[in-house]
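Student: Contents of structure23.tsv (TSV, C-alpha atoms) are below:
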```tsv
chain	number	residue	atom	x	y	z
A	480	MET	CA	-39.20	59.38	-38.32
A	481	PRO	CA	-37.89	61.02	-35.16
A	482	CYS	CA	-34.40	59.99	-33.97
A	483	PRO	CA	-34.60	58.05	-30.73
A	484	ALA	CA	-31.45	59.83	-29.51
A	485	CYS	CA	-31.74	63.52	-30.50
A	486	GLY	CA	-35.35	63.80	-31.72
A	487	ALA	CA	-34.47	65.19	-35.15
A	488	LEU	CA	-36.93	64.34	-37.92
A	489	ASN	CA	-35.66	62.09	-40.69
A	490	ALA	CA	-37.06	61.20	-44.10
A	491	PRO	CA	-38.63	57.74	-44.53
A	492	GLY	CA	-36.13	55.09	-45.56
A	493	ARG	CA	-33.14	56.57	-43.77
A	494	ARG	CA	-31.10	54.13	-41.73
A	495	PHE	CA	-29.19	56.66	-39.65
A	496	CYS	CA	-30.11	60.01	-38.14
A	497	ARG	CA	-29.14	63.01	-40.36
A	498	ARG	CA	-27.96	64.92	-37.28
A	499	CYS	CA	-26.31	62.42	-34.85
A	500	ALA	CA	-25.96	59.26	-37.02
A	501	THR	CA	-27.82	57.09	-34.51
A	502	ALA	CA	-29.32	53.94	-36.01
A	503	LEU	CA	-33.01	54.56	-36.66
A	504	ASN	CA	-34.03	50.85	-36.80
A	505	PRO	CA	-31.72	48.99	-34.38
A	506	ALA	CA	-31.99	45.21	-34.31
A	507	PRO	CA	-33.88	43.98	-31.25
A	508	LYS	CA	-31.74	42.37	-28.52
A	509	ALA	CA	-32.15	38.65	-28.11
A	510	ALA	CA	-33.90	37.54	-24.93
A	511	PRO	CA	-31.60	35.94	-22.33
A	512	LEU	CA	-31.54	32.12	-22.25
A	513	PRO	CA	-33.08	30.32	-19.26
A	514	TRP	CA	-30.47	28.93	-16.84
A	515	TRP	CA	-31.15	25.32	-17.67
A	516	ARG	CA	-30.13	25.88	-21.29
A	517	THR	CA	-26.77	27.23	-20.24
A	518	VAL	CA	-25.71	24.25	-18.12
A	519	TRP	CA	-24.81	21.81	-20.90
A	520	PRO	CA	-23.17	22.41	-23.22
A	521	LEU	CA	-21.48	25.31	-21.47
A	522	ARG	CA	-22.39	28.64	-23.08
A	523	ARG	CA	-20.79	32.04	-22.77
A	524	ARG	CA	-24.01	33.89	-23.33
A	525	VAL	CA	-24.96	36.34	-20.57
A	526	ARG	CA	-28.12	35.52	-18.67
A	527	ALA	CA	-30.27	37.58	-16.43
A	528	GLY	CA	-30.71	36.99	-12.71
A	529	SER	CA	-28.71	34.59	-10.51
A	530	GLY	CA	-28.37	31.80	-13.09
A	531	ARG	CA	-24.60	31.69	-12.81
A	532	ALA	CA	-24.72	30.46	-9.22
A	533	VAL	CA	-27.34	27.84	-10.11
A	534	ARG	CA	-25.27	26.68	-13.08
A	535	LEU	CA	-22.19	26.33	-10.89
A	536	LEU	CA	-24.11	24.25	-8.35
A	537	VAL	CA	-25.48	21.99	-11.08
A	538	ILE	CA	-22.01	21.48	-12.56
A	539	LEU	CA	-20.57	20.64	-9.13
A	540	ALA	CA	-23.42	18.18	-8.48
A	541	VAL	CA	-22.81	16.46	-11.82
A	542	LEU	CA	-19.07	16.19	-11.14
A	543	ALA	CA	-19.72	14.79	-7.66
A	544	ALA	CA	-22.15	12.22	-9.06
A	545	LEU	CA	-19.57	11.14	-11.67
A	546	CYS	CA	-16.89	10.74	-8.98
A	547	VAL	CA	-19.19	8.69	-6.74
A	548	GLY	CA	-20.28	6.55	-9.68
A	549	GLY	CA	-16.66	5.94	-10.69
A	550	VAL	CA	-15.69	4.86	-7.19
A	551	TRP	CA	-18.69	2.53	-7.01
A	552	LEU	CA	-18.19	1.01	-10.45
A	553	LEU	CA	-14.42	0.53	-10.18
A	554	PRO	CA	-14.55	-2.58	-7.92
A	555	ALA	CA	-17.36	-4.06	-10.01
A	556	GLY	CA	-15.38	-3.50	-13.20
A	557	ARG	CA	-12.25	-4.98	-11.67
A	558	ALA	CA	-14.20	-8.04	-10.48
A	559	LEU	CA	-15.63	-8.51	-13.98
A	560	VAL	CA	-12.15	-8.39	-15.52
A	561	GLU	CA	-10.79	-10.91	-13.00
A	562	ASP	CA	-13.76	-13.23	-13.50
A	563	THR	CA	-13.26	-13.12	-17.28
A	564	ARG	CA	-9.58	-13.94	-16.88
A	565	ASP	CA	-10.51	-16.87	-14.62
A	566	LYS	CA	-12.81	-18.32	-17.26
A	567	LEU	CA	-10.28	-17.90	-20.07
A	568	SER	CA	-7.35	-19.44	-18.18
A	569	LYS	CA	-6.52	-23.11	-17.70
A	570	PRO	CA	-6.70	-24.11	-13.99
A	571	LYS	CA	-3.40	-25.12	-12.41
A	572	PRO	CA	-3.22	-27.06	-9.12
A	573	VAL	CA	-1.66	-25.43	-6.04
A	574	THR	CA	-0.20	-27.56	-3.24
A	575	PRO	CA	-0.19	-26.21	0.33
A	576	VAL	CA	3.04	-26.24	2.34
A	577	SER	CA	1.32	-27.29	5.56
A	578	VAL	CA	-1.90	-29.06	6.59
A	579	GLU	CA	-3.11	-28.89	10.18
A	580	ALA	CA	-6.29	-30.43	11.62
A	581	SER	CA	-8.03	-29.72	14.91
A	582	ALA	CA	-8.66	-33.46	15.33
A	583	GLU	CA	-7.68	-36.68	13.54
A	584	ILE	CA	-8.54	-40.36	13.75
A	585	PRO	CA	-5.40	-42.54	14.12
A	586	ARG	CA	-3.97	-43.63	10.75
A	587	HIS	CA	-6.17	-41.10	8.95
A	588	PRO	CA	-4.34	-37.72	9.14
A	589	ALA	CA	-5.52	-34.57	7.39
A	590	THR	CA	-2.45	-34.67	5.11
A	591	ASN	CA	-4.22	-37.50	3.26
A	592	THR	CA	-6.50	-34.87	1.69
A	593	THR	CA	-3.60	-33.45	-0.37
A	594	ASP	CA	-1.63	-36.62	-1.25
A	595	GLY	CA	-3.32	-37.08	-4.64
A	596	LEU	CA	-4.68	-40.51	-3.63
A	597	SER	CA	-8.46	-40.67	-3.31
A	598	ASN	CA	-8.40	-44.04	-1.47
A	599	ARG	CA	-6.84	-42.41	1.64
A	600	TYR	CA	-8.81	-39.92	3.69
A	601	TRP	CA	-8.83	-37.58	6.66
A	602	GLY	CA	-10.82	-39.06	9.54
A	603	ALA	CA	-12.48	-36.61	11.96
A	604	PRO	CA	-14.30	-37.74	15.13
A	605	ALA	CA	-17.25	-35.32	14.93
A	606	ALA	CA	-18.76	-32.28	13.28
A	607	GLY	CA	-16.92	-29.06	14.03
A	608	ALA	CA	-13.50	-30.51	13.29
A	609	SER	CA	-11.44	-28.28	11.02
A	610	VAL	CA	-8.45	-28.47	8.71
A	611	THR	CA	-6.26	-25.51	7.72
A	612	TYR	CA	-4.17	-25.33	4.53
A	613	THR	CA	-1.32	-22.82	4.36
A	614	PHE	CA	0.39	-21.83	1.08
A	615	ARG	CA	3.93	-20.71	0.34
A	616	LYS	CA	2.94	-17.53	-1.53
A	617	PRO	CA	-0.33	-15.69	-2.26
A	618	PHE	CA	-2.33	-16.82	-5.28
A	619	ARG	CA	-5.74	-16.32	-6.86
A	620	LEU	CA	-8.02	-19.21	-5.95
A	621	ILE	CA	-10.34	-19.82	-8.89
A	622	ASP	CA	-11.64	-23.32	-8.06
A	623	LEU	CA	-11.84	-25.74	-5.16
A	624	SER	CA	-12.37	-29.47	-5.79
A	625	ILE	CA	-13.49	-31.85	-3.02
A	626	ILE	CA	-13.88	-35.64	-2.93
A	627	ASN	CA	-16.09	-36.47	0.03
A	628	GLY	CA	-16.27	-39.74	1.95
A	629	VAL	CA	-13.72	-42.53	2.10
A	630	SER	CA	-12.99	-42.75	-1.63
A	631	LYS	CA	-14.14	-41.58	-5.05
A	632	SER	CA	-15.12	-45.17	-5.74
A	633	PRO	CA	-18.92	-45.56	-5.35
A	634	ASP	CA	-18.64	-48.93	-3.60
A	635	GLN	CA	-16.25	-47.49	-0.96
A	636	TYR	CA	-17.64	-43.97	-0.63
A	637	ASP	CA	-20.11	-44.49	2.24
A	638	ARG	CA	-18.06	-46.82	4.44
A	639	GLN	CA	-17.78	-43.95	6.93
A	640	ALA	CA	-19.86	-40.87	7.74
A	641	ARG	CA	-19.69	-37.74	5.57
A	642	ALA	CA	-20.07	-34.00	6.13
A	643	LEU	CA	-22.56	-32.53	3.69
A	644	GLN	CA	-21.60	-28.94	4.42
A	645	LEU	CA	-18.24	-27.21	4.81
A	646	ASP	CA	-17.68	-23.76	6.27
A	647	MET	CA	-14.80	-22.25	4.30
A	648	GLU	CA	-12.73	-19.35	5.64
A	649	VAL	CA	-10.20	-17.90	3.21
A	650	THR	CA	-7.52	-15.55	4.53
A	651	THR	CA	-5.78	-13.18	2.10
A	652	GLN	CA	-2.38	-11.51	2.21
A	653	ASP	CA	-3.74	-8.32	3.80
A	654	GLY	CA	-5.42	-10.29	6.62
A	655	GLU	CA	-8.95	-10.04	5.22
A	656	ARG	CA	-11.17	-13.11	5.73
A	657	HIS	CA	-13.75	-14.38	3.24
A	658	HIS	CA	-16.45	-16.80	4.41
A	659	LYS	CA	-18.42	-19.19	2.21
A	660	GLU	CA	-20.64	-22.22	2.82
A	661	LEU	CA	-20.05	-25.21	0.55
A	662	THR	CA	-22.91	-27.68	0.22
A	663	LEU	CA	-21.79	-31.14	-0.85
A	664	ALA	CA	-23.88	-33.74	-2.64
A	665	ASP	CA	-23.89	-37.10	-0.88
A	666	LYS	CA	-22.24	-38.95	-3.76
A	667	ALA	CA	-18.85	-40.28	-4.82
A	668	GLY	CA	-16.48	-38.34	-7.06
A	669	PRO	CA	-15.04	-34.81	-7.23
A	670	GLN	CA	-17.24	-31.76	-6.66
A	671	THR	CA	-15.96	-28.38	-7.89
A	672	PHE	CA	-16.76	-24.97	-6.40
A	673	PRO	CA	-15.78	-21.73	-8.18
A	674	THR	CA	-14.37	-19.10	-5.83
A	675	GLY	CA	-12.49	-16.20	-7.46
A	676	ILE	CA	-10.54	-14.85	-4.46
A	677	SER	CA	-7.18	-13.10	-4.92
A	678	ASP	CA	-4.03	-13.11	-2.76
A	679	VAL	CA	-5.01	-16.25	-0.82
A	680	THR	CA	-2.55	-17.36	1.86
A	681	SER	CA	-4.56	-19.92	3.88
A	682	ILE	CA	-7.86	-21.82	3.74
A	683	ARG	CA	-9.74	-23.34	6.67
A	684	LEU	CA	-12.52	-25.92	6.22
A	685	VAL	CA	-14.91	-26.86	9.03
A	686	LEU	CA	-17.02	-30.02	8.79
A	687	ARG	CA	-20.78	-29.50	9.25
A	688	SER	CA	-24.07	-31.41	8.73
A	689	PRO	CA	-22.82	-35.00	9.26
A	690	VAL	CA	-24.70	-37.95	7.80
A	691	ASP	CA	-24.46	-41.62	8.93
A	692	LEU	CA	-22.37	-40.61	11.95
A	693	THR	CA	-23.24	-43.43	14.34
A	694	ASP	CA	-21.32	-45.26	17.06
A	695	GLY	CA	-18.04	-46.66	15.77
A	696	ARG	CA	-18.03	-44.42	12.69
A	697	HIS	CA	-16.26	-41.15	11.91
A	698	LEU	CA	-16.35	-38.41	9.29
A	699	ALA	CA	-14.26	-38.98	6.16
A	700	LEU	CA	-12.92	-36.46	3.65
A	701	ALA	CA	-10.87	-38.06	0.88
A	702	GLU	CA	-9.34	-35.23	-1.15
A	703	VAL	CA	-9.19	-31.42	-1.40
A	704	GLU	CA	-7.58	-29.70	-4.40
A	705	PHE	CA	-6.93	-26.02	-5.01
A	706	PHE	CA	-6.57	-24.38	-8.43
A	707	GLN	CA	-5.08	-21.11	-9.63
A	708	ARG	CA	-4.73	-19.58	-13.09
A	709	GLY	CA	-2.49	-21.51	-15.42
```
What is this file in structure tokens?
Tutor:
Amino acid sequence: MPCPACGALNAPGRRFCRRCATALNPAPKAAPLPWWRTVWPLRRRVRAGSGRAVRLLVILAVLAALCVGGVWLLPAGRALVEDTRDKLSKPKPVTPVSVEASAEIPRHPATNTTDGLSNRYWGAPAAGASVTYTFRKPFRLIDLSIINGVSKSPDQYDRQARALQLDMEVTTQDGERHHKELTLADKAGPQTFPTGISDVTSIRLVLRSPVDLTDGRHLALAEVEFFQRG
């Protein structure tokens, strides 16, 4: 067998050249891996061509996607945690420090909606009237309970007109406003609406969709209660 380095002839079975000691049967070199097999997991093996640049771009793209996904999922995860805490906690009532209405019928002020007595109500002359509740310190509003009409008693409930829809505007500590439409059933008794809004400082309710509002009658809203985590 001729030596691949010096050309000297060697007897069969020899592993190294008798003259220059070059290996006569060198192990074949492994073929380079394709670039896509070197991206993950990271490998130190040398590849041919411009695979290193491609691998770097792929790694950067994956990292960017993970960052974007984390930013997108963080608010959703936080909302899920807060919602779970709302469900596990016992609601605790919150009393506003001030109640102001855009319009009131004499002897039926808007403060009647927070006095804890369902047989006294806020009387508003027409749809579009609003009432604003302001709170002493920010809190997380988890539920809102409303008693529509004159009273929670079925035989007194429809003595005056009712608003079957309320536009709710919630203002938080940072000045952000959240809007929600509350649809009320035309029946006596409390109706509860889950909210889940943090850092609430004020709540404004606007009366919409009146029913039975005829001459000599006005809109009645008996009670509004706010609940935070206990």
Student: Pick from A:Phe672, A:Tyr612, A:Phe495, A:Tyr600: nearest to Ser624 (chain A), with only C-alpha atoms counted?
Tutor: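 When distances to Ser624 (chain A) are compared using only C-alpha atoms, the smallest one comes from A:Phe672.
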Student: Using all atoms listed in the file, determine which residues lie at most 8 Å from region 661-663 of chain A, disregarding the query and same-chain residues fewer than 2 positions distant; provide the list as a ChimeraX atom specification.
Tutor: /A:627,642-647,659,665,670,672
Student: I'd like to know which of A:Glu660, A:Asp678, A:Asp562, A:Asp691 is closest to Asp637 (chain A), using all atoms listed in the file.
Tutor: A:Asp691
Student: Select, from A:Leu686, A:Arg494, A:Phe618, A:Ser677, the residue with the minimum atom-to-atom distance to Ala582 (chain A), counting all atoms listed in the file.
Tutor: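 Using all atoms listed in the file, Ala582 (chain A) sits closest to A:Leu686.
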Student: Using Å and a single decimal, report how far CA of Ile625 (chain A) sits from CA of Thr593 (chain A).
Tutor: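 One can read the CA of Thr593 (chain A) to CA of Ile625 (chain A) distance as 10.4 Å.
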Student: List the neighbours of Pro483 (chain A) out to 12 Å using only C-alpha atoms; skip same-chain residues closer than 2 positions along the sequence, and give me the result as a list in words.
Tutor: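 Near neighbours after the sequence-gap exclusion: Met480, Pro481, Cys485, Gly486, Ala487, Leu488, Asn489, Phe495, Cys496, Arg498, Cys499, Ala500, Thr501, Ala502, Leu503, Asn504 and Pro505 of chain A.
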Student: Using 3 Å of padding on each side, determine the axis-aligned box around all atoms of region 485-504 of chain A present in the file and give its centre and edge lengths in Å to one decimal, as JSON.
Tutor:
```
{"center_x": -32.3, "center_y": 58.0, "center_z": -38.0, "size_x": 18.7, "size_y": 20.3, "size_z": 21.1}
```
Student: Nearest residue to Leu620 (chain A) out of A:Ile676, A:Val578, A:Ala603, A:Ile584, using all atoms listed in the file?
Tutor: A:Ile676
Student: Using all atoms listed in the file, which residues sit within 9 Å of Glu702 (chain A) once same-chain residues fewer than 6 positions away are excluded, as a PDB file with C-alpha atoms, in the frame of the given file?
Tutor:
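Okay, this is what ended up in selection_22.pdb:
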```pdb
ATOM      1  CA  ASN A 591      -4.220 -37.500   3.260  1.00  0.00           C
ATOM      2  CA  THR A 592      -6.500 -34.870   1.690  1.00  0.00           C
ATOM      3  CA  THR A 593      -3.600 -33.450  -0.370  1.00  0.00           C
ATOM      4  CA  ASP A 594      -1.630 -36.620  -1.250  1.00  0.00           C
ATOM      5  CA  GLY A 595      -3.320 -37.080  -4.640  1.00  0.00           C
ATOM      6  CA  LEU A 596      -4.680 -40.510  -3.630  1.00  0.00           C
ATOM      7  CA  SER A 597      -8.460 -40.670  -3.310  1.00  0.00           C
ATOM      8  CA  ASN A 598      -8.400 -44.040  -1.470  1.00  0.00           C
ATOM      9  CA  ARG A 599      -6.840 -42.410   1.640  1.00  0.00           C
ATOM     10  CA  TYR A 600      -8.810 -39.920   3.690  1.00  0.00           C
ATOM     11  CA  TRP A 601      -8.830 -37.580   6.660  1.00  0.00           C
ATOM     12  CA  SER A 624     -12.370 -29.470  -5.790  1.00  0.00           C
ATOM     13  CA  ILE A 625     -13.490 -31.850  -3.020  1.00  0.00           C
ATOM     14  CA  ILE A 626     -13.880 -35.640  -2.930  1.00  0.00           C
ATOM     15  CA  ASN A 627     -16.090 -36.470   0.030  1.00  0.00           C
ATOM     16  CA  GLY A 628     -16.270 -39.740   1.950  1.00  0.00           C
ATOM     17  CA  SER A 630     -12.990 -42.750  -1.630  1.00  0.00           C
ATOM     18  CA  LYS A 631     -14.140 -41.580  -5.050  1.00  0.00           C
ATOM     19  CA  PRO A 669     -15.040 -34.810  -7.230  1.00  0.00           C
TER      20      PRO A 669
END
```
Student: From the set A:Leu700, A:Val576, A:Val560, A:Ala543, which residue has the shortest atom-to-atom contact distance to Arg687 (chain A), counting all atoms listed in the file?
Tutor: A:Leu700
Student: Take CA of Val629 (chain A) and CA of Ala606 (chain A) and report the distance between them in Å, one decimal.
Tutor: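 Here the two named atoms are 16.0 Å from each other.
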Student: With only C-alpha atoms as the counted atoms, please give the residues lying no more than 9 Å from Val679 (chain A), apart from itself and same-chain residues fewer than 5 positions off, as a list in words.
Tutor: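 Contacts, with the query itself left out: Phe614, Lys616, Pro617, Phe618, Arg619, Leu620, Val649, Thr650, Thr651 and Gln652 of chain A.
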Student: Name the closest residue to Leu698 (chain A) among the candidates A:Leu623, A:Ala640, A:Leu536, A:Ala580; distances are taken between atoms, counting only C-alpha atoms.
Tutor: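 Checking each of A:Leu623, A:Ala640, A:Leu536, A:Ala580 against Leu698 (chain A), counting only C-alpha atoms, the winner is A:Ala640.
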Student: Please provide the set of residues having any atom within 6 Å of Arg683 (chain A), restricted to only C-alpha atoms, with same-chain residues fewer than 2 positions apart removed, written as a list in words.
Tutor: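 Everything that qualifies: Val610, Thr611, Met647 and Glu648 of chain A.
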Student: Could you dump the residues just selected with C-alpha atoms as a CSV table (one decimal), keeping the file's coordinate frame?
Tutor:
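Saved file result.csv follows:
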```csv
chain,number,residue,atom,x,y,z
A,610,VAL,CA,-8.4,-28.5,8.7
A,611,THR,CA,-6.3,-25.5,7.7
A,647,MET,CA,-14.8,-22.2,4.3
A,648,GLU,CA,-12.7,-19.4,5.6
```
Student: For CA of Tyr636 (chain A) and CA of Ala699 (chain A), quote the distance in Å rounded to one decimal.
Tutor: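 CA of Tyr636 (chain A) sits 9.1 Å away from CA of Ala699 (chain A).
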